[in-house]
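Data file: upload_6.csv. Format and content: CSV, C-alpha atoms.
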```
chain,number,residue,atom,x,y,z
A,1,MET,CA,0.0,0.0,0.0
A,2,GLY,CA,1.4,3.4,-0.9
A,3,ILE,CA,1.1,6.3,1.4
A,4,HIS,CA,1.5,9.6,-0.5
A,5,LEU,CA,2.6,12.8,1.2
A,6,GLY,CA,1.8,14.8,-1.9
A,7,MET,CA,0.9,14.2,-5.6
A,8,PRO,CA,3.3,15.9,-8.0
A,9,SER,CA,0.8,16.0,-10.8
A,10,ALA,CA,-2.0,17.6,-8.8
A,11,ALA,CA,-3.9,20.5,-10.2
A,12,PRO,CA,-3.1,24.0,-8.9
A,13,ALA,CA,-5.3,25.2,-6.1
A,14,ALA,CA,-6.4,28.2,-8.2
A,15,VAL,CA,-7.9,25.8,-10.8
A,16,VAL,CA,-9.3,23.2,-8.4
A,17,ALA,CA,-11.1,25.0,-5.5
A,18,GLY,CA,-12.9,21.9,-4.2
A,19,LEU,CA,-12.2,18.2,-4.2
A,20,LEU,CA,-12.2,17.6,-7.9
A,21,ASP,CA,-10.7,14.6,-9.7
A,22,THR,CA,-9.4,14.1,-13.2
A,23,ASN,CA,-12.7,12.4,-14.2
A,24,GLY,CA,-14.7,15.5,-13.5
A,25,ARG,CA,-16.2,14.3,-10.2
A,26,GLN,CA,-16.3,16.6,-7.1
A,27,ALA,CA,-16.5,15.1,-3.7
A,28,THR,CA,-18.9,16.9,-1.4
A,29,ASP,CA,-19.7,14.0,0.9
A,30,MET,CA,-17.2,13.4,3.7
A,31,ARG,CA,-16.9,9.9,5.4
A,32,LEU,CA,-14.9,10.3,8.5
A,33,SER,CA,-13.9,7.3,10.6
A,34,LEU,CA,-13.6,7.9,14.3
A,35,THR,CA,-12.1,4.6,15.2
A,36,ASP,CA,-11.2,1.2,13.7
A,37,LYS,CA,-12.5,-0.6,16.8
A,38,CYS,CA,-15.8,-2.5,16.8
A,39,ASN,CA,-17.6,-4.6,19.3
A,40,LEU,CA,-19.1,-7.0,16.7
A,41,ARG,CA,-17.2,-9.4,14.5
A,42,CYS,CA,-19.2,-9.6,11.4
A,43,THR,CA,-18.1,-12.4,9.1
A,44,TYR,CA,-18.0,-10.2,6.0
A,45,CYS,CA,-15.8,-7.7,7.7
A,46,MET,CA,-13.3,-9.1,10.2
A,47,PRO,CA,-12.0,-12.3,11.6
A,48,ALA,CA,-13.4,-13.8,14.9
A,49,GLU,CA,-10.4,-12.7,16.9
A,50,GLY,CA,-10.7,-9.1,15.7
A,51,LEU,CA,-7.9,-7.0,14.2
A,52,ASN,CA,-4.7,-5.3,15.4
A,53,TRP,CA,-6.3,-2.1,16.6
A,54,LEU,CA,-4.7,1.3,16.3
A,55,GLN,CA,-3.0,2.7,19.4
A,56,LYS,CA,-4.8,5.7,21.0
A,57,ASP,CA,-2.1,8.2,19.9
A,58,GLN,CA,-2.4,7.0,16.2
A,59,VAL,CA,-6.1,7.9,16.1
A,60,LEU,CA,-7.2,11.5,15.3
A,61,SER,CA,-7.9,13.5,18.4
A,62,ARG,CA,-11.1,15.4,19.0
A,63,SER,CA,-9.5,18.7,18.0
A,64,GLU,CA,-7.9,17.2,14.9
A,65,ILE,CA,-11.3,15.7,13.8
A,66,VAL,CA,-13.1,19.0,14.3
A,67,ARG,CA,-10.4,20.9,12.4
A,68,LEU,CA,-10.4,18.6,9.4
A,69,VAL,CA,-14.2,18.9,9.1
A,70,ARG,CA,-13.9,22.7,9.3
A,71,ILE,CA,-11.3,22.7,6.5
A,72,GLY,CA,-13.4,20.4,4.5
A,73,VAL,CA,-16.6,22.5,4.8
A,74,ASP,CA,-15.0,26.0,4.7
A,75,SER,CA,-12.3,25.4,2.1
A,76,LEU,CA,-13.2,22.3,0.1
A,77,GLY,CA,-16.9,22.3,-0.6
A,78,ILE,CA,-18.0,19.5,1.8
A,79,ARG,CA,-21.7,19.6,2.2
A,80,GLU,CA,-22.5,16.4,4.1
A,81,LEU,CA,-20.7,14.5,6.9
A,82,ARG,CA,-21.0,10.9,7.8
A,83,LEU,CA,-19.3,9.7,11.0
A,84,THR,CA,-18.2,6.0,10.7
A,85,GLY,CA,-15.9,3.4,12.1
A,86,GLY,CA,-15.3,0.7,13.2
A,87,GLU,CA,-18.1,1.6,15.7
A,88,PRO,CA,-18.3,5.3,16.5
A,89,LEU,CA,-20.2,4.7,19.7
A,90,VAL,CA,-17.1,3.2,21.3
A,91,ARG,CA,-15.4,6.7,21.4
A,92,ALA,CA,-15.8,8.2,24.8
A,93,ASP,CA,-15.7,11.7,23.4
A,94,LEU,CA,-18.3,11.1,20.6
A,95,LEU,CA,-20.8,13.6,22.0
A,96,ASP,CA,-18.1,16.3,22.3
A,97,ILE,CA,-17.0,15.8,18.8
A,98,ILE,CA,-20.5,16.2,17.4
A,99,ARG,CA,-21.1,19.3,19.6
A,100,ASP,CA,-18.0,20.9,18.4
A,101,ILE,CA,-18.7,20.2,14.7
A,102,ARG,CA,-22.3,21.4,15.1
A,103,THR,CA,-21.1,24.7,16.8
A,104,ASN,CA,-18.8,25.4,13.8
A,105,HIS,CA,-21.4,24.3,11.2
A,106,PRO,CA,-25.0,24.9,12.3
A,107,GLU,CA,-26.5,23.8,9.0
A,108,LEU,CA,-24.3,20.8,8.1
A,109,PRO,CA,-26.1,17.5,7.8
A,110,ILE,CA,-24.2,15.1,10.2
A,111,SER,CA,-25.2,11.4,10.0
A,112,MET,CA,-23.6,8.4,11.6
A,113,THR,CA,-23.3,4.7,10.8
A,114,THR,CA,-23.5,2.4,13.8
A,115,ASN,CA,-24.3,-1.1,14.9
A,116,ALA,CA,-26.6,0.4,17.6
A,117,LEU,CA,-25.0,-1.3,20.6
A,118,GLY,CA,-25.6,1.2,23.4
A,119,LEU,CA,-27.6,3.5,21.2
A,120,ASP,CA,-30.7,3.1,23.4
A,121,ARG,CA,-28.8,5.0,26.2
A,122,ARG,CA,-27.3,7.7,24.0
A,123,ALA,CA,-29.8,8.4,21.1
A,124,ALA,CA,-31.4,11.4,22.8
A,125,GLN,CA,-27.9,12.8,23.8
A,126,LEU,CA,-26.7,12.4,20.2
A,127,LYS,CA,-29.7,14.3,18.9
A,128,GLU,CA,-29.2,17.0,21.4
A,129,ALA,CA,-25.5,17.3,20.5
A,130,GLY,CA,-26.4,17.9,16.9
A,131,LEU,CA,-26.5,14.6,15.1
A,132,THR,CA,-29.0,14.8,12.2
A,133,ARG,CA,-29.6,11.2,11.2
A,134,ILE,CA,-28.5,7.6,11.8
A,135,ASN,CA,-27.8,4.5,9.8
A,136,VAL,CA,-27.9,1.2,11.6
A,137,SER,CA,-26.3,-2.0,10.3
A,138,MET,CA,-28.5,-5.0,11.0
A,139,ASP,CA,-28.6,-8.1,8.8
A,140,SER,CA,-31.2,-10.3,10.4
A,141,LEU,CA,-34.3,-10.2,12.5
A,142,HIS,CA,-33.6,-13.7,13.9
A,143,PRO,CA,-31.4,-13.9,17.0
A,144,GLU,CA,-29.6,-17.1,15.9
A,145,THR,CA,-28.8,-15.7,12.4
A,146,PHE,CA,-27.8,-12.4,13.8
A,147,ALA,CA,-25.4,-14.2,16.2
A,148,GLN,CA,-24.0,-16.3,13.3
A,149,LEU,CA,-23.3,-13.3,11.2
A,150,THR,CA,-21.9,-11.0,13.9
A,151,ARG,CA,-20.5,-13.6,16.3
A,152,ARG,CA,-22.3,-11.8,19.1
A,153,PRO,CA,-25.8,-12.5,20.6
A,154,PHE,CA,-26.9,-8.9,20.7
A,155,LEU,CA,-29.9,-8.5,18.4
A,156,ASP,CA,-32.2,-7.4,21.3
A,157,ARG,CA,-29.8,-4.6,22.1
A,158,VAL,CA,-29.7,-3.5,18.5
A,159,LEU,CA,-33.4,-3.4,18.2
A,160,LYS,CA,-33.7,-1.3,21.4
A,161,GLY,CA,-31.1,1.1,19.9
A,162,ILE,CA,-33.1,1.5,16.7
A,163,GLU,CA,-36.3,2.2,18.6
A,164,ALA,CA,-34.5,4.8,20.7
A,165,ALA,CA,-33.1,6.5,17.6
A,166,ALA,CA,-36.6,6.8,16.1
A,167,GLU,CA,-38.0,8.1,19.4
A,168,ALA,CA,-35.2,10.7,19.6
A,169,GLY,CA,-36.0,12.0,16.1
A,170,LEU,CA,-32.8,10.8,14.5
A,171,GLY,CA,-34.6,10.1,11.2
A,172,LEU,CA,-35.0,9.1,8.6
A,173,VAL,CA,-33.6,6.0,10.2
A,174,LYS,CA,-31.9,3.8,7.6
A,175,ILE,CA,-31.2,0.1,8.1
A,176,ASN,CA,-28.2,-1.4,6.3
A,177,ALA,CA,-28.4,-5.1,5.6
A,178,VAL,CA,-25.8,-7.3,3.8
A,179,LEU,CA,-27.5,-10.5,2.4
A,180,MET,CA,-25.3,-13.6,2.6
A,181,ARG,CA,-26.2,-16.5,0.4
A,182,GLY,CA,-27.8,-19.4,2.3
A,183,ILE,CA,-27.6,-17.5,5.6
A,184,ASN,CA,-30.0,-14.6,5.6
A,185,ASP,CA,-31.0,-14.0,2.0
A,186,HIS,CA,-34.4,-15.6,2.5
A,187,GLU,CA,-35.1,-12.8,5.1
A,188,ALA,CA,-35.2,-10.1,2.4
A,189,PRO,CA,-39.0,-9.8,2.3
A,190,ASP,CA,-39.3,-9.9,6.1
A,191,LEU,CA,-36.7,-7.2,6.5
A,192,VAL,CA,-38.6,-5.0,4.1
A,193,GLU,CA,-41.9,-5.6,5.8
A,194,TRP,CA,-40.4,-4.9,9.2
A,195,ALA,CA,-38.7,-1.6,8.0
A,196,VAL,CA,-41.6,-0.1,6.1
A,197,ALA,CA,-44.1,-0.8,8.9
A,198,ARG,CA,-41.9,1.4,11.2
A,199,GLY,CA,-41.1,4.2,8.7
A,200,PHE,CA,-37.5,3.1,8.2
A,201,GLU,CA,-35.7,2.9,4.9
A,202,LEU,CA,-34.0,-0.5,4.4
A,203,ARG,CA,-30.9,-0.6,2.2
A,204,PHE,CA,-29.6,-3.9,1.0
A,205,ILE,CA,-25.8,-3.8,0.3
A,206,GLU,CA,-24.0,-6.2,-2.0
A,207,GLN,CA,-21.2,-7.9,-0.2
A,208,MET,CA,-18.0,-6.3,-1.2
A,209,PRO,CA,-14.4,-7.6,-1.2
A,210,LEU,CA,-13.5,-5.7,2.0
A,211,ASP,CA,-13.4,-8.7,4.4
A,212,ALA,CA,-10.3,-9.2,6.5
A,213,ASP,CA,-10.2,-12.9,5.7
A,214,HIS,CA,-10.2,-12.2,1.9
A,215,GLY,CA,-12.8,-14.9,1.4
A,216,TRP,CA,-15.1,-12.9,-0.9
A,217,THR,CA,-16.0,-14.2,-4.3
A,218,LYS,CA,-18.2,-12.6,-6.9
A,219,GLU,CA,-20.0,-15.9,-7.5
A,220,GLY,CA,-20.8,-16.3,-3.9
A,221,MET,CA,-22.4,-13.0,-3.2
A,222,VAL,CA,-26.1,-12.1,-3.5
A,223,THR,CA,-26.5,-9.7,-6.4
A,224,ALA,CA,-28.8,-6.7,-6.7
A,225,ALA,CA,-30.9,-8.4,-9.2
A,226,GLU,CA,-31.4,-11.4,-6.9
A,227,MET,CA,-32.3,-9.0,-4.0
A,228,ARG,CA,-35.0,-7.4,-6.1
A,229,ALA,CA,-36.4,-10.8,-7.0
A,230,LEU,CA,-36.4,-11.9,-3.4
A,231,VAL,CA,-38.3,-8.8,-2.3
A,232,GLU,CA,-40.7,-9.1,-5.2
A,233,ARG,CA,-41.9,-12.5,-4.0
A,234,ARG,CA,-44.1,-10.5,-1.5
A,235,PHE,CA,-44.0,-6.8,-2.8
A,236,VAL,CA,-44.2,-4.8,-5.9
A,237,LEU,CA,-41.1,-2.6,-6.5
A,238,THR,CA,-41.1,0.4,-8.8
A,239,PRO,CA,-38.3,2.9,-9.4
A,240,ASP,CA,-38.4,5.9,-7.0
A,241,PRO,CA,-39.0,9.0,-9.1
A,242,ARG,CA,-36.7,11.2,-7.0
A,243,ASN,CA,-33.3,12.2,-8.4
A,244,ARG,CA,-30.6,9.9,-7.1
A,245,ASP,CA,-28.3,12.9,-6.8
A,246,GLY,CA,-25.1,10.9,-6.3
A,247,ALA,CA,-26.5,8.6,-3.6
A,248,PRO,CA,-25.0,5.1,-3.5
A,249,ALA,CA,-28.4,3.5,-3.1
A,250,GLU,CA,-30.8,3.1,-6.0
A,251,ARG,CA,-34.2,3.5,-4.4
A,252,TRP,CA,-37.4,1.7,-5.1
A,253,GLU,CA,-41.0,2.3,-3.9
A,254,VAL,CA,-42.5,-0.6,-2.1
A,255,ARG,CA,-46.1,-1.6,-2.6
A,256,ALA,CA,-48.1,-4.6,-1.4
A,257,GLN,CA,-49.2,-6.9,-4.2
A,258,GLU,CA,-52.8,-6.6,-2.9
A,259,THR,CA,-52.8,-2.8,-3.0
A,260,PRO,CA,-50.4,-1.7,-5.7
A,261,ASP,CA,-51.6,1.9,-5.7
A,262,VAL,CA,-50.4,2.5,-2.1
A,263,VAL,CA,-46.7,3.2,-1.5
A,264,LEU,CA,-45.7,1.6,1.8
A,265,GLY,CA,-42.2,3.0,1.9
A,266,THR,CA,-38.9,2.8,0.0
A,267,VAL,CA,-36.1,0.4,-0.1
A,268,GLY,CA,-32.6,1.1,-1.4
A,269,ILE,CA,-30.1,-1.3,-3.0
A,270,ILE,CA,-26.4,-0.4,-3.0
A,271,ALA,CA,-25.0,-2.5,-5.9
A,272,SER,CA,-21.3,-1.6,-5.8
A,273,VAL,CA,-20.3,-4.8,-7.6
A,274,THR,CA,-22.9,-5.6,-10.3
A,275,GLU,CA,-24.4,-2.1,-10.9
A,276,PRO,CA,-21.5,0.3,-9.9
A,277,PHE,CA,-22.2,4.0,-9.6
A,278,CYS,CA,-18.5,5.1,-9.7
A,279,ALA,CA,-19.1,7.7,-12.4
A,280,ASP,CA,-21.1,9.8,-10.0
A,281,CYS,CA,-19.2,9.1,-6.8
A,282,ARG,CA,-19.0,12.2,-4.6
A,283,ARG,CA,-17.3,10.8,-1.5
A,284,THR,CA,-14.0,11.4,0.2
A,285,ARG,CA,-12.9,9.2,3.0
A,286,VAL,CA,-10.7,9.9,5.9
A,287,THR,CA,-9.5,7.0,8.0
A,288,ALA,CA,-9.3,7.0,11.8
A,289,GLU,CA,-5.6,7.8,11.7
A,290,GLY,CA,-6.1,10.7,9.3
A,291,LYS,CA,-5.4,9.3,5.9
A,292,VAL,CA,-7.4,10.2,2.8
A,293,MET,CA,-8.7,7.3,0.7
A,294,SER,CA,-10.1,8.8,-2.5
A,295,CYS,CA,-11.8,5.5,-3.4
A,296,LEU,CA,-13.2,2.8,-1.1
A,297,PHE,CA,-11.0,0.3,-3.0
A,298,SER,CA,-7.9,2.4,-3.4
A,299,ARG,CA,-4.6,1.0,-2.3
A,300,GLU,CA,-3.1,4.6,-2.1
A,301,GLU,CA,-3.5,6.7,1.0
A,302,THR,CA,-2.5,10.3,1.7
A,303,ASP,CA,-1.6,11.4,5.2
A,304,LEU,CA,-3.1,14.5,6.7
A,305,ARG,CA,-2.4,13.7,10.3
A,306,ASP,CA,1.3,14.4,9.9
A,307,LEU,CA,0.5,17.9,8.7
A,308,LEU,CA,-1.9,18.4,11.5
A,309,ARG,CA,0.7,17.5,14.1
A,310,ALA,CA,3.5,19.4,12.4
A,311,GLY,CA,1.7,22.7,12.8
A,312,ALA,CA,0.8,23.1,9.1
A,313,ASP,CA,-1.7,25.8,8.3
A,314,ASP,CA,-5.2,25.1,6.9
A,315,ASP,CA,-4.2,26.0,3.3
A,316,ALA,CA,-1.4,23.3,3.3
A,317,ILE,CA,-3.7,20.7,4.6
A,318,ALA,CA,-6.5,21.6,2.2
A,319,GLN,CA,-4.0,21.4,-0.7
A,320,ARG,CA,-2.7,18.0,0.2
A,321,TRP,CA,-6.4,16.8,0.4
A,322,ARG,CA,-7.0,18.3,-3.0
A,323,ASP,CA,-3.9,16.5,-4.3
A,324,ALA,CA,-5.2,13.2,-3.0
A,325,MET,CA,-8.6,13.5,-4.6
A,326,TRP,CA,-7.3,14.8,-7.9
A,327,LEU,CA,-5.9,11.4,-8.7
A,328,LYS,CA,-9.0,9.5,-7.5
A,329,PRO,CA,-9.2,6.2,-9.6
A,330,LYS,CA,-12.0,6.0,-12.1
A,331,ALA,CA,-13.6,3.0,-10.4
A,332,HIS,CA,-12.9,0.3,-7.9
A,333,GLY,CA,-9.3,1.5,-7.3
A,334,MET,CA,-8.6,1.0,-11.0
A,335,GLY,CA,-9.1,2.6,-14.4
A,336,HIS,CA,-12.4,0.7,-14.9
A,337,THR,CA,-15.1,-1.0,-12.9
A,338,GLY,CA,-14.6,-4.7,-12.1
A,339,LEU,CA,-14.8,-6.0,-8.6
A,340,GLY,CA,-13.7,-9.6,-8.9
A,341,ALA,CA,-11.9,-8.9,-12.3
A,342,ASP,CA,-8.5,-10.5,-12.9
A,343,ASP,CA,-6.7,-7.2,-12.4
A,344,PHE,CA,-8.6,-6.2,-9.2
A,345,VAL,CA,-6.5,-6.2,-6.1
A,346,GLN,CA,-8.4,-6.2,-2.8
A,347,PRO,CA,-7.3,-3.4,-0.4
A,348,ASP,CA,-5.2,-4.5,2.6
A,349,ARG,CA,-7.7,-2.8,4.9
A,350,SER,CA,-11.0,-4.3,5.8
A,351,MET,CA,-14.2,-2.1,5.9
A,352,SER,CA,-13.8,-1.6,9.7
A,353,ALA,CA,-10.3,-0.2,9.2
A,354,ILE,CA,-11.3,2.1,6.3
A,355,GLY,CA,-14.6,3.5,7.5
A,356,GLY,CA,-17.8,3.3,5.5
```
Write-out of the structure in structure tokens:
Amino acid sequence: MGIHLGMPSAAPAAVVAGLLDTNGRQATDMRLSLTDKCNLRCTYCMPAEGLNWLQKDQVLSRSEIVRLVRIGVDSLGIRELRLTGGEPLVRADLLDIIRDIRTNHPELPISMTTNALGLDRRAAQLKEAGLTRINVSMDSLHPETFAQLTRRPFLDRVLKGIEAAAEAGLGLVKINAVLMRGINDHEAPDLVEWAVARGFELRFIEQMPLDADHGWTKEGMVTAAEMRALVERRFVLTPDPRNRDGAPAERWEVRAQETPDVVLGTVGIIASVTEPFCADCRRTRVTAEGKVMSCLFSREETDLRDLLRAGADDDAIAQRWRDAMWLKPKAHGMGHTGLGADDFVQPDRSMSAIGG
């Protein structure tokens, strides 16, 4: 993996004001990982024994996080922030981080992706601190299957957390589910029914080659087409008429087969593998230790933390960030789409270590 301290072929700051790349895309959605640690061990992400976690002094501090967000918003055109991990709720200073960001940016949408463990106790505090919305990862409604996938028997705690988020007004609550062939794929219609009945938006995600065990195969994953077919055993799906506007999920309106004129809710499908949306990608990712990953599947990283800790000014940090994004790969860390293709090389980091 290369760690770039600067890109010699980067565009001049006067030409590229925001996070533009050579393919004409501009990143306005910042995904910021607060930690690589997680209290689940999902089979499609990490091994049962966990990973070699970062040391505390390697992880961005509260003030460094707040400063990077300020630079992103004020100098680089960031218009939306997603806090990720690992599991963001394991950070003791999470509420303070959100409060500081909200103080600096009163109108910035701030969302968070979480596994919801402990969310039941903190949802109201997160809302009060300034969190706008929440995404919860939950792949099954059955305790045994949930435990099989996460290696932890905590489904009841996750459900309590989701309920607390809804009650606190952290909506629209989105539920992220990865379907695994032969394990939970048969649950697709049940998950949709459960979500729309509660006013949540379920989003199915194709399993991606970001597992620490490197056991992913394109043939073994459940495709977006298969997901739609599974849901349509019980529901009618029609394309959502709203503009996708760079969102990773293609959204579908959900209707009961008995009452096809009534929209029950929406479901999204993130098909990074079989129906990639790289041409309209607007995301920039910063890992928990302050490295820019211009693409989720990139093997190149650009360090911002060293500049932060060396006393560099905002302009220098912003320019290095621009440099990193200028050379963003066209797709899937390469010059073309093709997860599972012969020339695709899986990143060394797992999803937990990158940050969603």
Quick one: pull the distance between CA of Glu275 in chain A and CA of Ala256 in chain A, Å, one decimal. 25.7 Å
For Thr113 in chain A, please output as JSON, numbers by chain all residues within 8 Å (counting only C-alpha atoms; exclusion window: fewer than 5 positions along the same chain). {"A": [82, 83, 84, 85, 87, 88, 134, 135, 136, 137, 356]}
Which residues, written as a PyMOL selection string, have at least one atom at most 9 Å from range 217-223 of chain A, with all atoms listed in the file counted and residues fewer than 2 positions away on the same chain left out? chain A and resi 178-181+185+205-209+214-215+225-228+271+273-274+339-340
Generate the output file for the selected residues, C-alpha atoms, as a PDB file, keeping the file's coordinate frame.
```pdb
ATOM      1  CA  VAL A 178     -25.800  -7.300   3.800  1.00  0.00           C
ATOM      2  CA  LEU A 179     -27.500 -10.500   2.400  1.00  0.00           C
ATOM      3  CA  MET A 180     -25.300 -13.600   2.600  1.00  0.00           C
ATOM      4  CA  ARG A 181     -26.200 -16.500   0.400  1.00  0.00           C
ATOM      5  CA  ASP A 185     -31.000 -14.000   2.000  1.00  0.00           C
ATOM      6  CA  ILE A 205     -25.800  -3.800   0.300  1.00  0.00           C
ATOM      7  CA  GLU A 206     -24.000  -6.200  -2.000  1.00  0.00           C
ATOM      8  CA  GLN A 207     -21.200  -7.900  -0.200  1.00  0.00           C
ATOM      9  CA  MET A 208     -18.000  -6.300  -1.200  1.00  0.00           C
ATOM     10  CA  PRO A 209     -14.400  -7.600  -1.200  1.00  0.00           C
ATOM     11  CA  HIS A 214     -10.200 -12.200   1.900  1.00  0.00           C
ATOM     12  CA  GLY A 215     -12.800 -14.900   1.400  1.00  0.00           C
ATOM     13  CA  ALA A 225     -30.900  -8.400  -9.200  1.00  0.00           C
ATOM     14  CA  GLU A 226     -31.400 -11.400  -6.900  1.00  0.00           C
ATOM     15  CA  MET A 227     -32.300  -9.000  -4.000  1.00  0.00           C
ATOM     16  CA  ARG A 228     -35.000  -7.400  -6.100  1.00  0.00           C
ATOM     17  CA  ALA A 271     -25.000  -2.500  -5.900  1.00  0.00           C
ATOM     18  CA  VAL A 273     -20.300  -4.800  -7.600  1.00  0.00           C
ATOM     19  CA  THR A 274     -22.900  -5.600 -10.300  1.00  0.00           C
ATOM     20  CA  LEU A 339     -14.800  -6.000  -8.600  1.00  0.00           C
ATOM     21  CA  GLY A 340     -13.700  -9.600  -8.900  1.00  0.00           C
TER      22      GLY A 340
END
```
Please compute the CA of Gly130 in chain A-CA of Arg102 in chain A distance, one decimal, in Å.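 Computed distance, CA of Gly130 in chain A to CA of Arg102 in chain A, equals 5.7 Å.
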Between A:Arg62, A:Arg349, A:His332, A:Lys37, which one has atoms that come closest to Cys278 in chain A, using only C-alpha atoms? A:His332
Nearest-residue call for Leu117 in chain A, choices A:Asn52, A:Cys38, A:Ile78, A:Ile175, using only C-alpha atoms: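 Of A:Asn52, A:Cys38, A:Ile78, A:Ile175, the one nearest Leu117 in chain A is A:Cys38, counting only C-alpha atoms.
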Out of A:Gln26, A:Leu19, A:Gly169, A:Ala353, which residue has the shortest atom-to-atom distance to Ser75 in chain A when counting all atoms listed in the file?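 Going through A:Gln26, A:Leu19, A:Gly169, A:Ala353 one by one, the smallest distance to Ser75 in chain A is for A:Leu19.
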Between CA of Gly161 in chain A and CA of Thr28 in chain A, what is the spacing in Å?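 Going from CA of Thr28 in chain A over to CA of Gly161 in chain A, I get 29.2 Å.
Candidate residues A:Ala341, A:Met46, A:Val192, A:Leu126 were compared for distance to Ile98 in chain A, and the nearest is A:Leu126, using all atoms listed in the file.
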Would you mind telling me which residue in A:Leu264, A:Val173, A:Leu81, A:Met334 lies nearest to Leu108 in chain A when using all atoms listed in the file?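 Of all the options, A:Leu81 lies closest to Leu108 in chain A.
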Neighbour list for Val158 in chain A as a list in words, cut-off 12 Å, all atoms listed in the file, skip fewer than 4 positions in-chain: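 Residues meeting the cut-off are Leu40, Thr114, Asn115, Ala116, Leu117, Gly118, Leu119, Asp120, Arg121, Asn135, Val136, Ser137, Met138, Asp139, Ser140, Leu141, His142, Pro143, Phe146, Ala147, Thr150, Arg152, Pro153, Phe154, Ile162, Glu163, Ala164, Ala165 and Ile175 of chain A.
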Determine, counting only C-alpha atoms, which protein, DNA and RNA residues have an atom within 10 Å of an atom of Lys330 in chain A; residues of the same chain fewer than 3 positions away are not included. Present the result as a ChimeraX atom specification. /A:21-25,278-279,281,295,327,333-337
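Compared by their closest atoms to Gln58 in chain A, and using only C-alpha atoms, the residues A:Asp315, A:Asp36, A:Glu300, A:Asp348 rank with A:Asp36 nearest.
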All heavy atoms modelled onto range 96-100 of chain A, as an mmCIF file, in the frame of the given file:
```cif
data_model
loop_
_atom_site.group_PDB
_atom_site.id
_atom_site.type_symbol
_atom_site.label_atom_id
_atom_site.label_comp_id
_atom_site.auth_asym_id
_atom_site.auth_seq_id
_atom_site.Cartn_x
_atom_site.Cartn_y
_atom_site.Cartn_z
ATOM 1 N N ASP A 96 -18.904 15.060 22.425
ATOM 2 C CA ASP A 96 -18.100 16.300 22.300
ATOM 3 C C ASP A 96 -17.729 16.607 20.908
ATOM 4 O O ASP A 96 -17.763 17.767 20.473
ATOM 5 C CB ASP A 96 -16.905 16.231 23.236
ATOM 6 C CG ASP A 96 -17.250 16.161 24.712
ATOM 7 O OD1 ASP A 96 -18.239 16.786 25.113
ATOM 8 O OD2 ASP A 96 -16.525 15.469 25.450
ATOM 9 N N ILE A 97 -17.338 15.576 20.174
ATOM 10 C CA ILE A 97 -17.000 15.800 18.800
ATOM 11 C C ILE A 97 -18.143 16.316 17.984
ATOM 12 O O ILE A 97 -18.012 17.286 17.218
ATOM 13 C CB ILE A 97 -16.485 14.428 18.164
ATOM 14 C CG1 ILE A 97 -15.126 14.023 18.755
ATOM 15 C CG2 ILE A 97 -16.384 14.524 16.639
ATOM 16 C CD1 ILE A 97 -14.701 12.620 18.402
ATOM 17 N N ILE A 98 -19.307 15.719 18.157
ATOM 18 C CA ILE A 98 -20.500 16.200 17.400
ATOM 19 C C ILE A 98 -20.865 17.587 17.826
ATOM 20 O O ILE A 98 -21.194 18.428 16.976
ATOM 21 C CB ILE A 98 -21.653 15.194 17.647
ATOM 22 C CG1 ILE A 98 -21.323 13.825 17.043
ATOM 23 C CG2 ILE A 98 -22.949 15.740 17.036
ATOM 24 C CD1 ILE A 98 -22.318 12.745 17.368
ATOM 25 N N ARG A 99 -20.810 17.889 19.123
ATOM 26 C CA ARG A 99 -21.100 19.300 19.600
ATOM 27 C C ARG A 99 -20.211 20.287 18.958
ATOM 28 O O ARG A 99 -20.653 21.359 18.510
ATOM 29 C CB ARG A 99 -21.048 19.326 21.101
ATOM 30 C CG ARG A 99 -22.170 18.651 21.858
ATOM 31 C CD ARG A 99 -22.155 19.044 23.333
ATOM 32 N NE ARG A 99 -23.055 18.191 24.101
ATOM 33 C CZ ARG A 99 -22.679 17.146 24.839
ATOM 34 N NH1 ARG A 99 -21.378 16.845 24.900
ATOM 35 N NH2 ARG A 99 -23.555 16.435 25.496
ATOM 36 N N ASP A 100 -18.926 19.980 18.933
ATOM 37 C CA ASP A 100 -18.000 20.900 18.400
ATOM 38 C C ASP A 100 -18.206 21.155 16.882
ATOM 39 O O ASP A 100 -18.143 22.295 16.395
ATOM 40 C CB ASP A 100 -16.533 20.417 18.591
ATOM 41 C CG ASP A 100 -16.109 20.450 20.047
ATOM 42 O OD1 ASP A 100 -16.834 21.046 20.867
ATOM 43 O OD2 ASP A 100 -15.043 19.860 20.359
#
```
